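Structure, as structure tokens:
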Amino acid sequence: HLLVYALGSAGLFLFLRKRDVTVLGFAAANLIYFFSFFHLYHQQHFNMVLTTWLFPFLIYLLDQFVSKKQMRYLILNALSLAFCFYLGSFQVILLILLVQGAYLFFYSQDTKEFFTRVGIYAFLFLALVLPALPGMLDLYAYSNRSGQEAFTQGSFSPAMFVSTVFPFLFNFGDDYMGAIVSRDYFMHETYVYLGVAAFIFSLFGFKFVKDEKFKKFLLLLVSLFLFLGFIKYVPLLRSIDLVPFSFFRYWIRSAFLFNFVVAVLCGYFISFASRKSFSVKLGDLKFILPFAVYLGVLEIVNFGKTHSLTILHLLARDDYVFGFWYVIWGVVVILAVLTLVFSKKLGNRIPAVACALVFVDLLVFGILSFNTGVRGIPEILPQV
């Protein structure tokens, strides 16, 4: 566990350092990616967490390959992903393969170079995982879930995007009420909070990314999350048997890609926002407009079929607990907005202030989630 985290964290550090992200920016990005709710609540899916934790390391190796054109990085990447394959989280493996293919596409000079690279990688990876393929196919063919679980199961409704920026929407512990909204909304699948301060700062970190190819790559990751995580509400496509996507359910697990984007962009903001030329402009947010329109259209097209009204009714129930975390969250939002508004006056203090807010935000809510979502040893082991 610790070794995989160390590799993933080192990969994120080296990847961001190549882009001139500061140590403070990396510290915030590291906390956002590795210790957001997605990873905290999914510890029961140990193999999946280990795979997603290695994702930054895999991207770093791929980036080294495309920049230095040295085969050793591609081989090491294939070996690392093969290790993840044997852990058994095939859904995440599929996502990572798609993302890495996209990265190679963006950073290849032409289609010939792209297909050559993909061909070499496919050969390396398949050679490493070939011994496990027969058993995997048999498992799928004879599993009691085979053909019975819809791949749209566990999809977020458009309004559920708020779960990425608001913690404990349905309360937690014994007071958790997510099942009232949907039987598929288990707490560990539904809570994907990545920090509201991190999200706010990441919106203004996008302007500091100068590499246009990297910008496209980040936007693609967000698009994958919004497409797959909400697939049940995408007209036409939700009724098509999208092989191999139809092999899996709970595609909201693609949230780790969104976590990566927010972590990277927040790191950029903390690293570069102290420059004298920085100022908050609403025009800097135009890149999120297509995503906002997309979610709005999904809500309208599926009006009456989403859980929006159910969520509102839930919030109005007498037994709904408005905990103190509402106050903490509100204070964090206000302070994050004030940091942006007074960015000129803060000057060189912006990185420290922004980083502190990110840490307080995620540490406070992370500790709360840990205290309410983890059982002690006496509860797990039988009494002697």
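Identifiers in this document derive from the order of the structure tokens: chains are assigned A, B, ..., residues are numbered from 1 separately in each chain, and ligands are numbered from 1 in order of occurrence.
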
Margin query: List as a list of chain:residue names the protein and nucleic acid residues near region 194-205 of chain A, meaning an atom at most 7 Å away when only C-alpha atoms are counted, but skip any in the same chain fewer than 6 places from it.
Written below: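 Residues near the query, excluding close chain neighbours: A:Ile32, A:Ser36, A:Phe37, A:Thr164, A:Val165, A:Phe166, A:Asn259, A:Val262, A:Leu265, A:Cys266, A:Tyr268, A:Phe269, A:Asp284, A:Leu285, A:Val332, A:Val333, A:Ala336, A:Leu357, A:Val358, A:Asp361, A:Leu362.
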
Checklist line | Selection near Ser246 (chain A), 9 Å with only C-alpha atoms, sequence-local residues under 6 positions removed, as a PyMOL selection string | finding: chain A and resi 149-152+240

Residues as selected, N, CA, C and O atoms, written as a CSV table (one decimal), in the first residue's frame, can you do that?
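After the write, selection_25.csv holds the following:
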```
chain,number,residue,atom,x,y,z
A,149,GLU,N,-26.1,-7.3,-14.9
A,149,GLU,CA,-25.9,-6.0,-14.3
A,149,GLU,C,-25.8,-5.0,-15.5
A,149,GLU,O,-24.9,-5.1,-16.3
A,150,ALA,N,-26.7,-4.0,-15.5
A,150,ALA,CA,-26.7,-3.0,-16.5
A,150,ALA,C,-25.5,-2.1,-16.3
A,150,ALA,O,-25.1,-1.7,-15.2
A,151,PHE,N,-24.8,-1.7,-17.4
A,151,PHE,CA,-23.6,-0.9,-17.3
A,151,PHE,C,-23.9,0.5,-16.9
A,151,PHE,O,-23.1,1.3,-16.5
A,152,THR,N,-25.2,0.9,-16.9
A,152,THR,CA,-25.6,2.2,-16.5
A,152,THR,C,-25.9,2.2,-14.9
A,152,THR,O,-26.2,3.3,-14.4
A,240,ILE,N,-27.4,1.5,-25.9
A,240,ILE,CA,-26.5,0.8,-26.8
A,240,ILE,C,-25.6,-0.1,-26.0
A,240,ILE,O,-25.1,0.3,-25.0
```

Next item on the list: Could you tell me which of A:Arg19, A:Arg253, A:Lys69, A:Lys112 comes closest to Gly154 (chain A) if we count only C-alpha atoms?
Entry: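 Between A:Arg19, A:Arg253, A:Lys69, A:Lys112, the residue approaching Gly154 (chain A) most closely is A:Arg253.
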
Next item on the list: Please run DSSP on the backbone and report, as a VMD selection string, all residues within region 163-349 of chain A that come out as alpha helix (DSSP H).
Entry: chain A and resid 178 to 181 187 to 190 196 to 205 212 to 228 255 to 272 289 to 301 308 to 315 325 to 341 343 to 346

Checklist line | Distance of CA of Gln64 (chain A) from CA of Gly8 (chain A), expressed in Å to one decimal place | finding: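 We find that CA of Gly8 (chain A) and CA of Gln64 (chain A) lie 15.0 Å from each other.
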
Check: Hey, which of A:Ile350, A:Arg117, A:Leu133, A:Leu7 ends up closest to Arg275 (chain A)? Count only C-alpha atoms.
Finding: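 Looking only at the distances to Arg275 (chain A), the closest residue turns out to be A:Ile350.
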
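The smallest atom-to-atom distance between Ala354 (chain A) and any of A:Val293, A:Leu169, A:Ala29, A:Val118, using only C-alpha atoms, is found for A:Ala29.
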
Item checked: Given only C-alpha atoms as the counted atoms, nearest of A:Phe217, A:Phe46, A:Tyr33, A:Tyr185 to His1 (chain A) -> A:Phe46

Item checked: Nearby residues (only C-alpha atoms) at most 12 Å from Ile300 (chain A), same-chain spacing under 3 positions excluded, as a ChimeraX atom specification -> /A:157-159,233-235,293-297,303-306,308

Selection above as a file: N, CA, C and O atoms, as an mmCIF file, in the first residue's frame:
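Resulting contents of selection.cif:
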```cif
data_model
loop_
_atom_site.group_PDB
_atom_site.id
_atom_site.type_symbol
_atom_site.label_atom_id
_atom_site.label_comp_id
_atom_site.auth_asym_id
_atom_site.auth_seq_id
_atom_site.Cartn_x
_atom_site.Cartn_y
_atom_site.Cartn_z
ATOM 1 N N SER A 157 -26.973 11.149 -11.568
ATOM 2 C CA SER A 157 -27.870 12.051 -12.278
ATOM 3 C C SER A 157 -27.160 13.397 -12.397
ATOM 4 O O SER A 157 -26.217 13.672 -11.639
ATOM 5 N N PRO A 158 -27.551 14.255 -13.343
ATOM 6 C CA PRO A 158 -26.835 15.529 -13.555
ATOM 7 C C PRO A 158 -26.646 16.350 -12.282
ATOM 8 O O PRO A 158 -25.573 16.912 -12.053
ATOM 9 N N ALA A 159 -27.673 16.389 -11.433
ATOM 10 C CA ALA A 159 -27.586 17.194 -10.211
ATOM 11 C C ALA A 159 -26.565 16.638 -9.226
ATOM 12 O O ALA A 159 -26.077 17.362 -8.354
ATOM 13 N N TYR A 233 -28.051 8.847 -18.273
ATOM 14 C CA TYR A 233 -28.882 9.987 -18.656
ATOM 15 C C TYR A 233 -28.480 10.580 -20.001
ATOM 16 O O TYR A 233 -28.983 11.636 -20.384
ATOM 17 N N VAL A 234 -27.581 9.903 -20.710
ATOM 18 C CA VAL A 234 -27.184 10.336 -22.051
ATOM 19 C C VAL A 234 -28.086 9.648 -23.071
ATOM 20 O O VAL A 234 -28.028 8.426 -23.211
ATOM 21 N N PRO A 235 -28.952 10.382 -23.775
ATOM 22 C CA PRO A 235 -29.899 9.770 -24.719
ATOM 23 C C PRO A 235 -29.193 8.908 -25.764
ATOM 24 O O PRO A 235 -28.050 9.166 -26.145
ATOM 25 N N VAL A 293 -23.311 23.470 -19.882
ATOM 26 C CA VAL A 293 -24.433 23.315 -20.815
ATOM 27 C C VAL A 293 -24.805 21.844 -20.956
ATOM 28 O O VAL A 293 -25.986 21.472 -20.963
ATOM 29 N N TYR A 294 -23.796 20.997 -21.046
ATOM 30 C CA TYR A 294 -24.014 19.546 -21.178
ATOM 31 C C TYR A 294 -24.829 19.008 -20.005
ATOM 32 O O TYR A 294 -25.833 18.298 -20.201
ATOM 33 N N LEU A 295 -24.432 19.351 -18.782
ATOM 34 C CA LEU A 295 -25.154 18.879 -17.609
ATOM 35 C C LEU A 295 -26.566 19.461 -17.568
ATOM 36 O O LEU A 295 -27.524 18.769 -17.183
ATOM 37 N N GLY A 296 -26.691 20.731 -17.973
ATOM 38 C CA GLY A 296 -28.016 21.347 -18.014
ATOM 39 C C GLY A 296 -28.937 20.672 -19.013
ATOM 40 O O GLY A 296 -30.126 20.432 -18.725
ATOM 41 N N VAL A 297 -28.409 20.358 -20.178
ATOM 42 C CA VAL A 297 -29.201 19.674 -21.204
ATOM 43 C C VAL A 297 -29.624 18.285 -20.729
ATOM 44 O O VAL A 297 -30.769 17.862 -20.933
ATOM 45 N N PHE A 303 -35.937 15.344 -17.642
ATOM 46 C CA PHE A 303 -36.755 15.960 -16.601
ATOM 47 C C PHE A 303 -37.795 14.965 -16.074
ATOM 48 O O PHE A 303 -38.530 14.338 -16.831
ATOM 49 N N GLY A 304 -37.825 14.828 -14.773
ATOM 50 C CA GLY A 304 -38.735 13.884 -14.143
ATOM 51 C C GLY A 304 -38.134 12.512 -13.951
ATOM 52 O O GLY A 304 -38.679 11.691 -13.205
ATOM 53 N N LYS A 305 -37.008 12.238 -14.637
ATOM 54 C CA LYS A 305 -36.364 10.933 -14.523
ATOM 55 C C LYS A 305 -35.082 10.983 -13.689
ATOM 56 O O LYS A 305 -34.534 9.948 -13.339
ATOM 57 N N THR A 306 -34.612 12.192 -13.437
ATOM 58 C CA THR A 306 -33.418 12.329 -12.606
ATOM 59 C C THR A 306 -33.847 12.362 -11.141
ATOM 60 O O THR A 306 -35.033 12.314 -10.817
ATOM 61 N N SER A 308 -33.225 14.889 -9.060
ATOM 62 C CA SER A 308 -33.114 16.263 -8.555
ATOM 63 C C SER A 308 -34.218 16.597 -7.561
ATOM 64 O O SER A 308 -33.964 17.113 -6.467
#
```

Note to self: Report as a PyMOL selection string all protein, DNA and RNA residues lying within 12 Å of Phe35 (chain A), evaluated on only C-alpha atoms, omitting residues in the same chain fewer than 2 positions from it.
What the structure shows: chain A and resi 5+9+27-33+37-43+49+52-53+192-195+256+259-260+263+358-359+361-367+369-370

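Near Ala82 (chain A), within 8 Å and counting only C-alpha atoms, sit Phe125, Leu128 and Val129 of chain A, not including residues fewer than 5 positions from it in the same chain.
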
Could you write out that same residue set with N, CA, C and O atoms as a PDB file, in the first residue's frame?
```pdb
ATOM      1  N   PHE A 125       2.139  -5.036 -23.573  1.00  0.00           N
ATOM      2  CA  PHE A 125       1.146  -5.225 -22.512  1.00  0.00           C
ATOM      3  C   PHE A 125       0.466  -6.585 -22.621  1.00  0.00           C
ATOM      4  O   PHE A 125       0.321  -7.302 -21.616  1.00  0.00           O
ATOM      5  N   LEU A 128       2.552  -9.461 -21.471  1.00  0.00           N
ATOM      6  CA  LEU A 128       2.701  -9.531 -20.016  1.00  0.00           C
ATOM      7  C   LEU A 128       1.453 -10.068 -19.318  1.00  0.00           C
ATOM      8  O   LEU A 128       1.547 -10.722 -18.279  1.00  0.00           O
ATOM      9  N   VAL A 129       0.261  -9.792 -19.888  1.00  0.00           N
ATOM     10  CA  VAL A 129      -0.983 -10.184 -19.212  1.00  0.00           C
ATOM     11  C   VAL A 129      -1.615 -11.428 -19.822  1.00  0.00           C
ATOM     12  O   VAL A 129      -2.640 -11.914 -19.322  1.00  0.00           O
TER      13      VAL A 129
END
```

Checklist line | Separation of CA of Arg249 (chain A) from CA of Val181 (chain A) in Å | finding: 18.3 Å

Checklist line | Shell of 9 Å around region 97-100 of chain A, only C-alpha atoms, local chain residues under 2 positions omitted, as a VMD selection string | finding: chain A and resid 58 to 59 62 81 92 to 95 102 to 105 217 220 to 221

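Proximity of A:Met48, A:Ala356, A:Leu76, A:Val209 to Ser89 (chain A), computed with only C-alpha atoms, is greatest for A:Met48.
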